[in-house]
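The file my_file_22.txt comes next; it holds compact mmCIF, C-alpha atoms.
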```
# COMPACT_ATOMS: atom_id res chain seq x y z
CA MET I 1 150.03 107.37 84.09
CA GLU I 2 149.00 105.70 87.34
CA TRP I 3 149.82 108.89 89.30
CA LEU I 4 146.90 110.63 87.59
CA TYR I 5 144.45 108.33 89.41
CA ILE I 6 143.48 108.33 93.08
CA LEU I 7 141.60 105.68 95.04
CA MET I 8 138.29 106.78 96.54
CA PRO I 9 138.17 104.84 99.86
CA ILE I 10 134.38 104.83 100.38
CA ALA I 11 133.29 104.16 96.78
CA GLY I 12 136.24 101.79 96.19
CA VAL I 13 137.05 103.10 92.69
CA LYS I 14 140.08 104.85 91.15
CA ILE I 15 139.30 108.28 89.70
CA PHE I 16 141.15 110.62 87.31
CA TRP I 17 141.83 113.37 89.87
CA PRO I 18 142.61 116.22 87.37
CA GLY I 19 139.04 115.69 86.16
CA LEU I 20 137.78 116.40 89.68
CA ILE I 21 139.71 119.69 89.76
CA ILE I 22 138.39 120.75 86.33
CA LEU I 23 134.82 119.92 87.44
CA GLY I 24 135.29 121.80 90.72
CA VAL I 25 136.69 125.06 89.31
CA GLY I 26 134.58 125.04 86.16
CA VAL I 27 131.29 124.20 87.81
CA GLY I 28 132.03 126.75 90.55
CA ILE I 29 132.12 129.44 87.86
CA ILE I 30 129.12 128.04 85.97
CA GLY I 31 127.10 127.47 89.15
CA GLY I 32 127.73 130.97 90.45
CA PHE I 33 126.79 132.42 87.05
CA PHE I 34 123.66 130.40 86.24
CA GLY I 35 122.36 130.40 89.83
CA MET I 36 122.57 126.69 90.54
CA GLY I 37 124.95 124.25 92.12
CA GLY I 38 126.08 122.96 88.75
CA ALA I 39 125.12 119.42 89.75
CA TRP I 40 123.27 118.96 86.46
CA MET I 41 126.82 118.71 85.04
CA VAL I 42 128.71 117.29 88.01
CA THR I 43 126.56 114.22 88.78
CA PRO I 44 126.77 112.83 85.22
CA GLY I 45 130.40 114.06 85.10
CA LEU I 46 131.34 112.05 88.22
CA ASN I 47 129.46 109.04 86.87
CA ILE I 48 131.36 109.33 83.57
CA LEU I 49 134.68 109.58 85.47
CA GLY I 50 133.90 106.26 87.18
CA PHE I 51 131.72 106.80 90.26
CA PRO I 52 128.66 104.53 90.71
CA MET I 53 125.55 106.69 90.21
CA ALA I 54 124.45 106.69 93.88
CA PHE I 55 127.94 107.85 94.97
CA ALA I 56 128.04 110.45 92.17
CA ILE I 57 124.76 111.88 93.50
CA GLY I 58 125.81 111.94 97.16
CA THR I 59 129.32 113.29 96.49
CA ASP I 60 128.08 116.08 94.28
CA ILE I 61 125.48 117.21 96.81
CA ALA I 62 128.15 117.36 99.54
CA HIS I 63 130.46 119.62 97.49
CA MET I 64 127.53 121.69 96.23
CA ALA I 65 126.37 122.86 99.67
CA GLY I 66 129.52 124.79 100.59
CA LYS I 67 129.95 126.31 97.13
CA SER I 68 126.38 127.56 97.00
CA LEU I 69 126.79 129.24 100.39
CA ILE I 70 129.69 131.29 98.99
CA SER I 71 127.75 132.21 95.82
CA THR I 72 124.63 133.18 97.81
CA MET I 73 126.65 135.58 99.98
CA ARG I 74 128.07 137.26 96.87
CA HIS I 75 124.67 137.54 95.14
CA GLY I 76 123.14 138.91 98.34
CA LYS I 77 125.52 141.87 98.14
CA PHE I 78 124.20 142.62 94.63
CA GLY I 79 120.55 142.49 95.84
CA ASN I 80 119.84 139.43 93.70
CA VAL I 81 118.33 137.23 96.45
CA ASP I 82 114.64 137.28 97.43
CA TYR I 83 115.00 135.70 100.89
CA LYS I 84 111.25 135.72 101.53
CA LEU I 85 110.62 133.67 98.39
CA GLY I 86 113.46 131.35 99.33
CA MET I 87 112.07 130.70 102.81
CA ILE I 88 108.55 130.02 101.44
CA MET I 89 110.02 127.42 99.08
CA LEU I 90 112.04 125.74 101.85
CA VAL I 91 109.25 123.41 103.04
CA GLY I 92 108.51 121.97 99.61
CA THR I 93 112.23 121.65 98.83
CA VAL I 94 113.07 119.57 101.92
CA VAL I 95 110.01 117.28 101.68
CA GLY I 96 110.49 116.71 97.96
CA PHE I 97 114.21 116.06 98.44
CA GLU I 98 113.67 113.26 100.94
CA VAL I 99 111.06 111.61 98.69
CA GLY I 100 113.58 111.66 95.81
CA ALA I 101 116.46 110.34 97.95
CA GLN I 102 114.35 107.41 99.16
CA MET I 103 113.49 106.59 95.53
CA VAL I 104 117.23 106.45 94.69
CA MET I 105 117.83 103.97 97.54
CA TRP I 106 114.95 101.82 96.24
CA LEU I 107 116.22 101.93 92.64
CA GLU I 108 119.70 100.97 93.86
CA ARG I 109 118.30 97.94 95.71
CA ILE I 110 116.54 96.65 92.57
CA GLY I 111 119.59 97.41 90.38
CA ASN I 112 118.04 100.04 88.09
CA VAL I 113 119.46 103.29 89.45
CA GLU I 114 122.02 103.93 86.64
CA LYS I 115 119.58 103.45 83.76
CA VAL I 116 116.57 105.21 85.32
CA VAL I 117 118.48 108.29 86.53
CA ARG I 118 120.23 108.75 83.17
CA TRP I 119 116.94 108.57 81.24
CA ILE I 120 115.30 111.05 83.62
CA TYR I 121 118.28 113.35 83.05
CA ILE I 122 117.91 113.09 79.27
CA ALA I 123 114.15 113.82 79.38
CA LEU I 124 114.62 116.75 81.77
CA LEU I 125 117.52 118.31 79.85
CA ALA I 126 115.62 118.01 76.56
CA ALA I 127 112.52 119.69 78.06
CA ILE I 128 114.52 122.54 79.58
CA ALA I 129 116.57 123.14 76.42
CA TRP I 130 113.32 123.36 74.42
CA MET I 131 111.81 125.75 76.97
CA VAL I 132 114.84 128.08 76.98
CA PHE I 133 115.22 128.29 73.20
CA HIS I 134 111.45 128.55 72.69
CA ASP I 135 111.50 131.53 75.06
CA VAL I 136 114.40 133.14 73.16
CA ALA I 137 112.62 132.61 69.82
CA LYS I 138 109.37 134.12 71.15
CA ARG I 139 111.18 137.19 72.47
CA ARG I 140 112.94 137.75 69.15
CA GLU I 141 109.57 137.48 67.42
CA LYS I 142 108.23 140.19 69.74
CA GLU I 143 111.29 142.34 68.98
CA ARG I 144 110.62 142.06 65.23
CA GLU I 145 106.95 142.95 65.72
CA ALA I 146 107.89 145.98 67.81
CA ALA I 147 110.49 147.07 65.25
CA ALA I 148 107.90 146.81 62.47
CA LYS I 149 105.75 149.29 64.40
CA GLY I 150 108.71 151.61 64.93
CA GLU I 151 108.82 150.75 68.64
CA LYS I 152 111.42 149.23 70.92
CA LEU I 153 110.65 146.22 73.09
CA ALA I 154 110.96 146.88 76.83
CA ALA I 155 114.19 145.59 78.38
CA GLY I 156 112.28 143.48 80.90
CA ALA I 157 109.98 141.86 78.33
CA THR I 158 110.03 138.07 78.07
CA GLY I 159 109.17 135.63 75.33
CA VAL I 160 107.27 133.01 77.34
CA GLU I 161 104.82 134.47 79.89
CA TRP I 162 103.30 131.41 81.58
CA HIS I 163 103.66 133.13 84.96
CA LYS I 164 100.95 135.67 84.06
CA ALA I 165 98.35 132.90 83.82
CA LEU I 166 99.54 131.32 87.10
CA HIS I 167 99.37 134.67 88.90
CA LYS I 168 95.62 134.71 88.20
CA ILE I 169 95.21 131.79 90.64
CA LYS I 170 94.27 133.59 93.86
CA ILE I 171 94.35 130.78 96.44
CA PRO I 172 95.09 132.29 99.89
CA PRO I 173 97.45 133.19 101.40
CA MET I 174 98.70 135.73 98.88
CA VAL I 175 102.26 137.06 99.20
CA HIS I 176 104.16 140.05 97.85
CA LEU I 177 107.77 139.28 96.93
CA LYS I 178 109.56 142.61 96.89
CA GLU I 179 112.91 141.76 95.26
CA ALA I 180 111.24 139.58 92.62
CA GLY I 181 108.48 142.14 92.01
CA VAL I 182 105.83 139.39 92.18
CA TYR I 183 102.40 139.15 93.86
CA CYS I 184 101.03 135.58 93.84
CA SER I 185 99.53 132.75 95.88
CA ALA I 186 102.05 131.26 98.33
CA TRP I 187 101.03 127.83 97.01
CA LEU I 188 102.68 128.55 93.64
CA PRO I 189 106.30 128.64 94.96
CA ILE I 190 105.51 125.78 97.39
CA VAL I 191 104.37 123.44 94.58
CA VAL I 192 107.30 124.47 92.38
CA SER I 193 109.74 123.83 95.23
CA PHE I 194 108.31 120.36 95.96
CA ALA I 195 108.78 119.34 92.31
CA THR I 196 112.32 120.70 92.17
CA GLY I 197 113.11 119.19 95.59
CA TRP I 198 112.02 115.77 94.32
CA LEU I 199 114.28 116.16 91.29
CA ALA I 200 117.11 117.27 93.56
CA GLY I 201 116.81 114.09 95.59
CA ILE I 202 116.52 111.64 92.72
CA LEU I 203 119.03 113.25 90.35
CA GLY I 204 121.55 114.55 92.88
CA ILE I 205 121.07 118.18 91.92
CA GLY I 206 120.34 121.18 94.08
CA GLY I 207 117.13 121.58 92.10
CA GLY I 208 118.67 124.54 90.28
CA LEU I 209 118.56 122.88 86.89
CA ILE I 210 114.77 123.18 86.89
CA ARG I 211 114.24 125.74 89.69
CA MET I 212 116.01 128.60 87.93
CA PRO I 213 113.85 128.23 84.78
CA ALA I 214 110.79 127.64 87.00
CA LEU I 215 111.44 130.88 88.91
CA ILE I 216 111.62 132.75 85.61
CA TYR I 217 108.82 131.11 83.60
CA LEU I 218 106.37 129.95 86.30
CA ILE I 219 106.83 132.48 89.11
CA GLY I 220 107.92 135.45 87.00
CA CYS I 221 111.22 136.46 88.62
CA PRO I 222 113.68 138.65 86.67
CA THR I 223 116.64 136.52 85.53
CA HIS I 224 119.22 137.99 87.95
CA VAL I 225 116.85 137.58 90.95
CA ALA I 226 116.06 134.00 89.86
CA VAL I 227 119.81 133.29 89.82
CA GLY I 228 120.44 134.60 93.34
CA THR I 229 117.27 133.17 94.91
CA ASP I 230 117.89 129.79 93.33
CA LEU I 231 121.39 129.66 94.80
CA PHE I 232 119.88 130.36 98.22
CA GLU I 233 117.58 127.35 97.74
CA VAL I 234 120.46 125.22 96.39
CA MET I 235 122.42 126.02 99.56
CA ILE I 236 119.55 124.86 101.80
CA SER I 237 118.73 121.68 99.88
CA GLY I 238 122.46 120.96 99.52
CA LEU I 239 123.10 121.08 103.27
CA TYR I 240 120.12 118.81 103.91
CA GLY I 241 121.06 116.50 101.03
CA ALA I 242 124.69 116.20 102.15
CA ALA I 243 123.51 115.09 105.59
CA THR I 244 120.99 112.52 104.34
CA TYR I 245 123.30 110.97 101.69
CA THR I 246 126.25 110.83 104.12
CA TYR I 247 124.01 109.05 106.63
CA LYS I 248 123.13 106.57 103.87
CA GLY I 249 126.85 105.95 103.18
CA ARG I 250 126.81 107.30 99.61
CA THR I 251 129.11 110.33 99.94
CA GLU I 252 132.80 110.22 98.90
CA LEU I 253 134.21 113.02 101.05
CA VAL I 254 137.73 112.94 99.49
CA ALA I 255 136.34 113.78 96.04
CA ALA I 256 133.94 116.36 97.52
CA MET I 257 136.81 118.20 99.23
CA ILE I 258 138.98 118.19 96.07
CA MET I 259 136.15 119.75 94.06
CA LEU I 260 135.11 122.19 96.80
CA VAL I 261 138.55 123.86 96.93
CA GLY I 262 138.35 124.80 93.24
CA ALA I 263 134.62 125.48 93.34
CA SER I 264 134.99 128.04 96.14
CA VAL I 265 137.18 130.19 93.90
CA GLY I 266 135.11 129.60 90.77
CA ALA I 267 131.85 130.50 92.51
CA GLN I 268 133.15 134.01 93.25
CA VAL I 269 133.98 134.55 89.56
CA GLY I 270 130.60 133.26 88.38
CA ALA I 271 128.63 135.43 90.80
CA VAL I 272 130.51 138.60 89.84
CA ALA I 273 130.02 137.80 86.12
CA THR I 274 126.22 138.14 86.46
CA LYS I 275 126.79 141.84 87.13
CA TYR I 276 128.05 142.24 83.55
CA ILE I 277 126.09 139.58 81.60
CA LYS I 278 122.34 140.12 82.04
CA GLY I 279 118.99 138.70 80.91
CA TYR I 280 118.91 136.71 77.71
CA GLY I 281 122.68 136.38 77.50
CA ILE I 282 122.43 134.16 80.58
CA ARG I 283 119.48 132.20 79.19
CA ILE I 284 121.10 131.41 75.82
CA ALA I 285 124.38 130.28 77.43
CA PHE I 286 122.38 128.15 79.86
CA GLY I 287 120.48 126.47 77.02
CA LEU I 288 123.72 125.61 75.16
CA ALA I 289 125.23 124.10 78.31
CA VAL I 290 122.13 121.94 78.84
CA VAL I 291 122.31 120.58 75.27
CA GLY I 292 125.98 119.65 75.66
CA CYS I 293 125.38 117.89 78.95
CA ALA I 294 122.49 115.89 77.46
CA LEU I 295 124.70 114.71 74.60
CA SER I 296 127.37 113.42 77.02
CA ILE I 297 124.79 111.39 78.97
CA LEU I 298 123.33 110.02 75.72
CA MET I 299 126.79 108.74 74.77
CA LYS I 300 126.75 106.63 77.95
CA LEU I 301 123.18 105.41 77.39
CA VAL I 302 123.72 104.05 73.85
CA GLN I 303 126.72 101.90 74.82
CA PRO I 304 124.69 98.68 75.39
CA TRP I 305 123.51 98.89 71.75
CA LEU I 306 126.98 99.78 70.40
CA PRO I 307 129.42 97.65 72.47
CA GLN I 308 132.13 97.85 69.78
CA PHE I 309 132.33 101.62 70.33
CA LYS I 310 132.27 101.53 74.15
CA SER I 311 135.80 102.89 74.68
CA VAL I 312 135.29 105.63 72.06
CA LEU I 313 131.95 106.67 73.59
CA ASP I 314 133.41 106.63 77.13
CA THR I 315 136.31 108.84 76.07
CA GLY I 316 134.01 111.09 74.04
CA ALA I 317 131.59 111.55 76.95
CA THR I 318 134.44 112.45 79.33
CA VAL I 319 136.03 114.89 76.86
CA LEU I 320 132.63 116.48 76.12
CA VAL I 321 131.74 117.07 79.78
CA LEU I 322 135.18 118.38 80.79
CA GLY I 323 135.47 120.40 77.55
CA LEU I 324 132.01 121.90 78.00
CA VAL I 325 132.80 122.91 81.59
CA SER I 326 136.16 124.40 80.55
CA CYS I 327 134.82 126.35 77.53
CA MET I 328 131.76 127.70 79.35
CA SER I 329 133.89 128.76 82.34
CA LEU I 330 136.40 130.49 80.06
CA TYR I 331 133.61 132.34 78.23
CA ILE I 332 132.11 133.58 81.51
CA PHE I 333 135.54 134.61 82.85
CA VAL I 334 136.44 136.55 79.68
CA ARG I 335 133.06 138.34 79.62
CA MET I 336 133.53 139.26 83.29
CA ILE I 337 137.00 140.76 82.59
CA GLN I 338 135.57 142.72 79.64
CA GLY I 339 132.77 144.05 81.85
CA VAL I 340 135.17 145.09 84.60
CA LYS I 341 137.37 146.93 82.08
CA MET I 342 134.36 148.80 80.63
CA GLU I 343 133.16 149.76 84.11
CA LEU I 344 136.61 151.07 85.11
CA ALA I 345 136.84 153.02 81.84
CA ARG I 346 133.44 154.67 82.51
CA LYS I 347 134.46 155.60 86.04
CA LYS I 348 137.72 157.05 84.80
CA ALA I 349 135.94 159.08 82.13
CA ALA I 350 133.46 160.42 84.69
```

Will you turn the file into structure tokens for me?
Amino acid sequence: MEWLYILMPIAGVKIFWPGLIILGVGVGIIGGFFGMGGAWMVTPGLNILGFPMAFAIGTDIAHMAGKSLISTMRHGKFGNVDYKLGMIMLVGTVVGFEVGAQMVMWLERIGNVEKVVRWIYIALLAAIAWMVFHDVAKRREKEREAAAKGEKLAAGATGVEWHKALHKIKIPPMVHLKEAGVYCSAWLPIVVSFATGWLAGILGIGGGLIRMPALIYLIGCPTHVAVGTDLFEVMISGLYGAATYTYKGRTELVAAMIMLVGASVGAQVGAVATKYIKGYGIRIAFGLAVVGCALSILMKLVQPWLPQFKSVLDTGATVLVLGLVSCMSLYIFVRMIQGVKMELARKKAA
């Protein structure tokens, strides 16, 4: 089965190349749908396939930049991108990204990058999964309360409304974000973007893993606008990140190109799917994907305590990541086809 493996010349490791294709196509669909580069799955996925963590981070960022550009263009046509919000967040994103990237280089020098980055991933994924499902539970509680009164909950109502408290902070300058329907202090998106930029640099993600929920819960964007605007930010941070990690010699361009070919196609499918799957459908699917990804990383983390099960845990982590990407992509693709058929049927009936 040697033909299934290809040598990565810069990283110096042999990689299961069909895994790269599955990650590329699948994460292209998932990234275009959830409004993020999909790096929250690709970086641990590349590490599980055999890349050292620093190379997994740099390679993923390089492939992410081009894919996010394609997704942003598609979302822009649907009116899902608040470019003003995206430009305000640019400063914090770039500064935070460089701080995170320098921390990765320092952790690599002292030999702790693998362990530290994985634990940060676990903590972050657990926090986001809790936040998403807590929000879903709160909204369902509001639906039951409304039903008990004989009323129907507004379509745009949310479960968690932290953004309403943050909007009361009136530190100048104040900005009106038309597409997002938000009026707030400009410092709110700047602080959020710095935090997500830092995570992007240290975890090798476009920041979308936390920025998309942050846009919804902290800034108050509707889900579909958060998706498109986040992809715009992922594109910017990805282009910057690809340059800085390539300069540092931690980007495997062969792997990035293999994934980008599939991701370019998948990103189109994911972006179109958001037209037919709205609101809480996106949030619930996102939460399930986060939980699955966290479990795969945990299987790598427990290996030092369970050395006798190392091969089983390695195989299980690989199967879980690739299976999760495949199943989630298939679900999104099927829902998109169903939506297209319903739309064509309505047009025909009209």

Query - For Gly79 (chain I): contacts at 10 Å, only C-alpha atoms, fewer than 5 positions along chain excluded, given as a list in words - result: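 Here the answer would be Arg74, Glu179, His224, Val225, Gly228 and Thr229 of chain I.
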
Query raised in the report: Can you tell me how far CA of Gly45 (chain I) sits from CA of Lys300 (chain I), in Å to one decimal?
Result: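 Here the two named atoms are 10.9 Å from each other.
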
Report task. Can you pull out every residue within 10 Å of Ile10 (chain I), counting all atoms listed in the file, but drop anything in the same chain fewer than 2 positions away, and send it as a PyMOL selection string? Result -> chain I and resi 7-8+12-13+55+249-254

Query raised in the report: Looking at only C-alpha atoms, which of I:Ala56, I:Val182, I:Leu23, I:Val269 is the one that sits closest to Glu114 (chain I)?
Result: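 Answer, going by the shortest atom-to-atom distance: I:Ala56.
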
Query raised in the report: In terms of the shortest atom-to-atom distance over all atoms listed in the file, which of I:Leu46, I:Ile258, I:Ile29, I:Ala200 is closest to Glu98 (chain I)?
Result: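 Under the stated criterion, the closest residue is I:Ala200.
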
So for region 284-303 of chain I, what box centre and size do we get, axis-aligned, 8 Å extra on each of the six sides, every listed atom, Å to one decimal, as JSON?
```
{"center_x": 123.9, "center_y": 116.7, "center_z": 76.9, "size_x": 22.9, "size_y": 45.5, "size_z": 22.0}
```

Query raised in the report: For the atom pair CA of Val81 (chain I) and CA of Lys138 (chain I), what is the interatomic distance in Å to one decimal place?
Result: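 If I compute the distance from CA of Val81 (chain I) to CA of Lys138 (chain I), I get 27.0 Å.
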
**Report entry** Among listed residues I:Phe16, I:Tyr240, I:Phe286, I:Trp187, nearest Trp3 (chain I) (using all atoms listed in the file)
**Finding:**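 Ranked by minimum distance to Trp3 (chain I), first place goes to I:Phe16.
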
Query raised in the report: Which is closer to Tyr217 (chain I) than all the others in I:Val91, I:Leu320, I:Cys293, I:Ile128, using all atoms listed in the file?
Result: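 Once distances to Tyr217 (chain I) are computed over all atoms listed in the file, the minimum belongs to I:Ile128.
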
Requested in this report: Find the residues near Met299 (chain I): any atom within 10 Å, counting only C-alpha atoms, skip ones fewer than 5 places away on the same chain, and give them as number ranges by chain.
Outcome: I: 48, 294, 306, 310, 312-318, 320

Requested in this report: Would you list the residues near (131.5, 130.7, 79.6) (no more than 12 Å away, in the coordinates of the file, using all atoms listed in the file) as a VMD selection string?
Outcome: chain I and resid 26 to 34 266 269 to 270 273 to 274 277 281 to 282 284 to 286 288 to 289 323 to 337

Query - Counting all atoms listed in the file, the option among I:Gly197, I:Gly262, I:Gly220, I:Gly292 closest to Thr93 (chain I) - result: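 Under the stated criterion, the closest residue is I:Gly197.
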
Requested in this report: Between CA of Glu233 (chain I) and CA of Ala195 (chain I), measure the distance and give it in Å to one decimal.
Outcome: 13.1 Å
